[in-house]
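Engineer: The structure that follows is given in the form of structure tokens.
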Amino acid sequence: MASRTTKALLSLGRINIPALGLNNAVSRVTYATALSVNSSSSKKGAPERNGRGFGSRKPRREAEGPRTEKMPVDQDWTAVYPAATPFRPGSVPLPVRMGYPVKGGVPPEKKGNLELIKIPNFLHLTPAAIKKHCEALKPFCTEWPSALDTDAKCDEHFPIKVECTDYVSSGLSVRNPSARIVQLKVKLSVLNLDDHARKKMLKLVGERYCKDTDVLTITTDRCPLRQQNYDYAQYLLTVLYHESWKTEAWEAEKTVADMEEYSWEGSPSQKNITDLLLRMNVAGEGEGEEVREQLLGRSEVQEYKDSVTRLKNEGDNEGSVLQYKEAVKKVFNL
Amino acid sequence: MAAPTALKRELLPLARILGGISHLKPRSLTVCSGHRKCSVTRSCLPLTPSTSFHTATFLSSSPSAITVTEEPDTLFQKLLVSVKSHDSAVLDSYEFFATMAAKELGITIGKVFEPPKDIKRMTLLKSVHIFKKHRVQYEMRTHYRCIELSHITGSTAKVYLEYIQRNLPEGVAMEVKKTAMEKVPDHILKPLWEDVPAEDKPGQ
């Protein structure tokens, strides 16, 4: 009887019924369970019923201390913290203190300390854990070929370098649009180019070539995917190579202003020096084509030619100016 | 020297490895499940279809699936991993973790350095309306750490980077600059005009 009333009352929800002889724990119970509730008949409760009764029916367990007190010294820490979890003061047997110290006191202890929970912890990545993880990951790794130990050997056999960047960050989106950029670097000395092809390639490529390191850099970002950008960069390299070997009809109209290097033959400097020497009557004969050629064959004139070429190509540095001075003095026999 | 026809391996989900190590299976599941899907598809795309990836549950009893393909492995001459965060202590711990992991996996570490931090300061008005003379100043500090690894194969790089990135702490961002090396492709060895001299060269 009493049990039936209790059941009905229970289904209504939270009711405080101290008069029925139950503990005050009833007022906390809001279960509307259909389980039979033998209230007054079995206070101690049959052993089988313990798990299904009220919270008050179970024999009360004493609150045990934190787990840290029972941890053996040689335990397996990787089992306590196998993955990234927030700090649990009851699981970490360290006397950590964190926070601003109380006036005249020390920083607060770890129990109930929010500061320790807020920061990222590395308790799951102790050296023992890292070793275990790496042991499991080892079978998936491959070895670097032992023949390619120096950078020079790598450059010799694998001259093309492809650079791309990956980005990892937390945010609204996993993707980063800058990840599609691909940079292809190659040294022109490796490609099979003859003189004309090299000069044409440099003209086609313009700013993408660095003279000091002889490296051609092709950066592509016009496609939305990295694979597409890589294919486009390879395509550009192929096209540049083949186009630079071609000789078009209009390339015959190349003027002196288009030349990359200074060449002495046919320049005003050559004309000047031959005229000067003729007027000085060095050869001791009259004018004529053979005289000019003979003059040009002279060693002083050759030295002069070298010094002028060097000056024009390299610019004004001490060595080139000195060489020019010496050559001029020799020509004039000073 | 022939190109190294290295082996290409698959990655097992790390959760399974962790699950195998730990005795607390449900925990490892919840931690890694959020990351698993996207990284699985990413790492699976270039691989051969003989995978047990998509079908295997976390704790399947089948042996670990290492497939070996004849496709040559990519070779990375340099891998520059740079992390940035607002807290340098977190970066110190992460650097210890990353360098130790690299040593355990047998990867040569080039150099580990700390670029100078960036401080972004802003001076704002303290009050919503008027009081121009009273301002408040904020600053945001970004600390950096760079780890340079050299001479690493594609499979090893995948394994290492996935391991590193899964254990990236909260509030830390990472950039990985990969420099892969390749041979000169076959179509650039000779100009194709040499083989067809009689053909009219197409337009100007």
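Going by the structure tokens order, chains are called A, B, ..., each with residues numbered from 1, while ligands are numbered from 1 in the order shown.
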Could you list, as a ChimeraX atom specification, the residues of chain B having an atom within 6 Å of chain A when counting only C-alpha atoms?
Structural biologist: /B:9,22,153,155-156,173-183,191
Engineer: If we count only C-alpha atoms and set the cut-off at 9 Å, which residues sit around Glu115 of chain A, ignoring sequence neighbours fewer than 4 positions away in its own chain? Please answer as a PyMOL selection string.
Structural biologist: chain A and resi 98-99+110+119
Engineer: Between atom CA of Val172 of chain B and atom CA of Glu95 of chain B, what is the distance, to one decimal in Å?
Structural biologist: 11.9 Å
Engineer: Atom CA of Met140 of chain B and atom CA of Ser127 of chain B are how many Å apart?
Structural biologist: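 The value is 20.9 Å.
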Engineer: Give the alpha helix (DSSP H) residues of segment 232-308 of chain A, as DSSP finds them on the backbone, and put them as a VMD selection string.
Structural biologist: chain A and resid 232 to 245 268 to 279 289 to 297 299 to 308
Engineer: Run DSSP on the backbone of this structure and report the residues of segment 43-211 of chain A it assigns to strand (DSSP E), as a list in words.
Structural biologist: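 After running DSSP on the backbone, segment 43-211 of chain A has strand (DSSP E) at Ile160, Lys161, Val162, Glu163, Cys164, Thr165, Asp166, Tyr167, Val168, Val182, Gln183, Leu184, Lys185, Val186, Lys187, Tyr209 and Cys210 of chain A.
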Engineer: Take the residues from that selection and put them in a file with C-alpha atoms, as an mmCIF file, in the first residue's frame.
Structural biologist:
```cif
data_model
loop_
_atom_site.group_PDB
_atom_site.id
_atom_site.type_symbol
_atom_site.label_atom_id
_atom_site.label_comp_id
_atom_site.auth_asym_id
_atom_site.auth_seq_id
_atom_site.Cartn_x
_atom_site.Cartn_y
_atom_site.Cartn_z
ATOM 1 C CA ILE A 160 64.412 21.419 -59.745
ATOM 2 C CA LYS A 161 63.072 22.604 -56.388
ATOM 3 C CA VAL A 162 59.354 22.946 -55.800
ATOM 4 C CA GLU A 163 58.293 24.924 -52.761
ATOM 5 C CA CYS A 164 54.828 24.967 -51.267
ATOM 6 C CA THR A 165 53.449 25.894 -47.853
ATOM 7 C CA ASP A 166 50.878 24.254 -45.590
ATOM 8 C CA TYR A 167 48.985 26.190 -42.948
ATOM 9 C CA VAL A 168 47.403 24.855 -39.760
ATOM 10 C CA VAL A 182 53.702 26.987 -55.770
ATOM 11 C CA GLN A 183 57.264 28.185 -56.397
ATOM 12 C CA LEU A 184 59.482 26.376 -58.867
ATOM 13 C CA LYS A 185 63.235 27.100 -58.735
ATOM 14 C CA VAL A 186 65.779 25.839 -61.235
ATOM 15 C CA LYS A 187 69.353 26.775 -62.126
ATOM 16 C CA TYR A 209 65.895 35.426 -62.857
ATOM 17 C CA CYS A 210 68.545 36.170 -60.263
#
```
Engineer: Identify, on the basis of only C-alpha atoms, every residue whose closest approach to Tyr94 of chain B does not exceed 10 Å; exclude the query and any residue fewer than 4 positions from it along the same chain; express the result as a ChimeraX atom specification.
Structural biologist: /A:122,125 /B:83,88-90,98-100,145,164,167-169,172
Engineer: Just to be explicit: take each residue in the selection above, keep all heavy atoms, and write the result as an mmCIF file, in the first residue's frame.
Structural biologist:
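To be explicit, this is the file written out as again_32.cif:
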```
data_model
loop_
_atom_site.group_PDB
_atom_site.id
_atom_site.type_symbol
_atom_site.label_atom_id
_atom_site.label_comp_id
_atom_site.auth_asym_id
_atom_site.auth_seq_id
_atom_site.Cartn_x
_atom_site.Cartn_y
_atom_site.Cartn_z
ATOM 1 N N PHE A 122 50.936 19.634 -21.400
ATOM 2 C CA PHE A 122 51.613 18.619 -22.200
ATOM 3 C C PHE A 122 51.779 17.332 -21.402
ATOM 4 O O PHE A 122 52.735 16.601 -21.578
ATOM 5 C CB PHE A 122 52.984 19.140 -22.639
ATOM 6 C CG PHE A 122 52.913 20.105 -23.787
ATOM 7 C CD1 PHE A 122 52.517 21.408 -23.579
ATOM 8 C CD2 PHE A 122 53.234 19.706 -25.060
ATOM 9 C CE1 PHE A 122 52.438 22.304 -24.637
ATOM 10 C CE2 PHE A 122 53.174 20.584 -26.131
ATOM 11 C CZ PHE A 122 52.779 21.890 -25.915
ATOM 12 N N LEU A 125 52.171 14.214 -23.338
ATOM 13 C CA LEU A 125 53.322 14.102 -24.244
ATOM 14 C C LEU A 125 54.614 14.058 -23.455
ATOM 15 O O LEU A 125 55.542 14.777 -23.732
ATOM 16 C CB LEU A 125 53.339 15.287 -25.219
ATOM 17 C CG LEU A 125 52.201 15.316 -26.215
ATOM 18 C CD1 LEU A 125 52.242 16.606 -26.985
ATOM 19 C CD2 LEU A 125 52.289 14.142 -27.164
ATOM 20 N N VAL B 83 56.023 27.676 -35.852
ATOM 21 C CA VAL B 83 54.809 27.780 -35.050
ATOM 22 C C VAL B 83 54.763 29.146 -34.412
ATOM 23 O O VAL B 83 55.793 29.730 -34.099
ATOM 24 C CB VAL B 83 54.766 26.719 -33.924
ATOM 25 C CG1 VAL B 83 54.269 25.414 -34.455
ATOM 26 C CG2 VAL B 83 56.100 26.548 -33.290
ATOM 27 N N SER B 88 54.978 32.031 -24.981
ATOM 28 C CA SER B 88 56.247 31.417 -25.343
ATOM 29 C C SER B 88 56.506 30.151 -24.535
ATOM 30 O O SER B 88 57.250 29.281 -24.987
ATOM 31 C CB SER B 88 57.393 32.402 -25.158
ATOM 32 O OG SER B 88 57.436 32.830 -23.831
ATOM 33 N N ALA B 89 55.896 30.024 -23.377
ATOM 34 C CA ALA B 89 56.106 28.799 -22.591
ATOM 35 C C ALA B 89 55.515 27.592 -23.313
ATOM 36 O O ALA B 89 56.100 26.504 -23.326
ATOM 37 C CB ALA B 89 55.473 28.944 -21.213
ATOM 38 N N VAL B 90 54.342 27.782 -23.913
ATOM 39 C CA VAL B 90 53.726 26.694 -24.687
ATOM 40 C C VAL B 90 54.629 26.313 -25.848
ATOM 41 O O VAL B 90 54.816 25.132 -26.160
ATOM 42 C CB VAL B 90 52.339 27.145 -25.197
ATOM 43 C CG1 VAL B 90 51.790 26.173 -26.192
ATOM 44 C CG2 VAL B 90 51.395 27.300 -24.032
ATOM 45 N N ALA B 98 58.503 18.388 -30.432
ATOM 46 C CA ALA B 98 58.759 18.210 -31.858
ATOM 47 C C ALA B 98 60.180 17.729 -32.115
ATOM 48 O O ALA B 98 60.397 16.841 -32.948
ATOM 49 C CB ALA B 98 58.509 19.527 -32.592
ATOM 50 N N THR B 99 61.152 18.278 -31.398
ATOM 51 C CA THR B 99 62.534 17.858 -31.617
ATOM 52 C C THR B 99 62.732 16.424 -31.142
ATOM 53 O O THR B 99 63.437 15.634 -31.781
ATOM 54 C CB THR B 99 63.517 18.787 -30.894
ATOM 55 O OG1 THR B 99 63.012 19.062 -29.599
ATOM 56 C CG2 THR B 99 63.699 20.079 -31.636
ATOM 57 N N MET B 100 62.099 16.071 -30.022
ATOM 58 C CA MET B 100 62.257 14.693 -29.542
ATOM 59 C C MET B 100 61.611 13.701 -30.510
ATOM 60 O O MET B 100 62.167 12.636 -30.795
ATOM 61 C CB MET B 100 61.626 14.548 -28.173
ATOM 62 C CG MET B 100 61.932 13.211 -27.574
ATOM 63 S SD MET B 100 61.497 13.127 -25.876
ATOM 64 C CE MET B 100 61.997 11.468 -25.540
ATOM 65 N N ARG B 145 58.572 30.219 -33.322
ATOM 66 C CA ARG B 145 59.615 29.200 -33.126
ATOM 67 C C ARG B 145 59.739 28.471 -34.448
ATOM 68 O O ARG B 145 58.723 28.098 -35.042
ATOM 69 C CB ARG B 145 59.144 28.232 -32.044
ATOM 70 C CG ARG B 145 60.204 27.600 -31.198
ATOM 71 C CD ARG B 145 61.133 28.570 -30.597
ATOM 72 N NE ARG B 145 60.553 29.305 -29.504
ATOM 73 C CZ ARG B 145 60.772 29.017 -28.222
ATOM 74 N NH1 ARG B 145 61.516 28.007 -27.892
ATOM 75 N NH2 ARG B 145 60.231 29.760 -27.305
ATOM 76 N N ILE B 164 52.768 15.678 -35.515
ATOM 77 C CA ILE B 164 52.995 17.001 -34.933
ATOM 78 C C ILE B 164 51.702 17.804 -34.921
ATOM 79 O O ILE B 164 51.352 18.462 -33.935
ATOM 80 C CB ILE B 164 54.046 17.745 -35.776
ATOM 81 C CG1 ILE B 164 55.401 17.120 -35.606
ATOM 82 C CG2 ILE B 164 54.111 19.187 -35.444
ATOM 83 C CD1 ILE B 164 56.039 17.457 -34.300
ATOM 84 N N ASN B 167 48.974 16.915 -32.390
ATOM 85 C CA ASN B 167 49.259 17.303 -31.009
ATOM 86 C C ASN B 167 49.557 18.782 -30.875
ATOM 87 O O ASN B 167 50.219 19.186 -29.926
ATOM 88 C CB ASN B 167 50.453 16.492 -30.511
ATOM 89 C CG ASN B 167 50.073 15.051 -30.316
ATOM 90 O OD1 ASN B 167 49.090 14.748 -29.672
ATOM 91 N ND2 ASN B 167 50.831 14.151 -30.909
ATOM 92 N N LEU B 168 49.075 19.562 -31.826
ATOM 93 C CA LEU B 168 49.269 21.008 -31.730
ATOM 94 C C LEU B 168 48.375 21.536 -30.620
ATOM 95 O O LEU B 168 47.181 21.285 -30.621
ATOM 96 C CB LEU B 168 48.864 21.626 -33.062
ATOM 97 C CG LEU B 168 49.420 22.967 -33.466
ATOM 98 C CD1 LEU B 168 50.906 22.879 -33.656
ATOM 99 C CD2 LEU B 168 48.778 23.422 -34.742
ATOM 100 N N PRO B 169 48.929 22.253 -29.656
ATOM 101 C CA PRO B 169 48.073 22.732 -28.556
ATOM 102 C C PRO B 169 47.134 23.837 -29.003
ATOM 103 O O PRO B 169 47.263 24.397 -30.090
ATOM 104 C CB PRO B 169 49.079 23.243 -27.523
ATOM 105 C CG PRO B 169 50.367 23.333 -28.188
ATOM 106 C CD PRO B 169 50.335 22.581 -29.455
ATOM 107 N N VAL B 172 47.812 27.685 -30.936
ATOM 108 C CA VAL B 172 49.096 27.692 -31.651
ATOM 109 C C VAL B 172 48.809 27.451 -33.117
ATOM 110 O O VAL B 172 48.053 26.551 -33.458
ATOM 111 C CB VAL B 172 50.025 26.584 -31.109
ATOM 112 C CG1 VAL B 172 51.308 26.538 -31.892
ATOM 113 C CG2 VAL B 172 50.328 26.836 -29.658
#
```
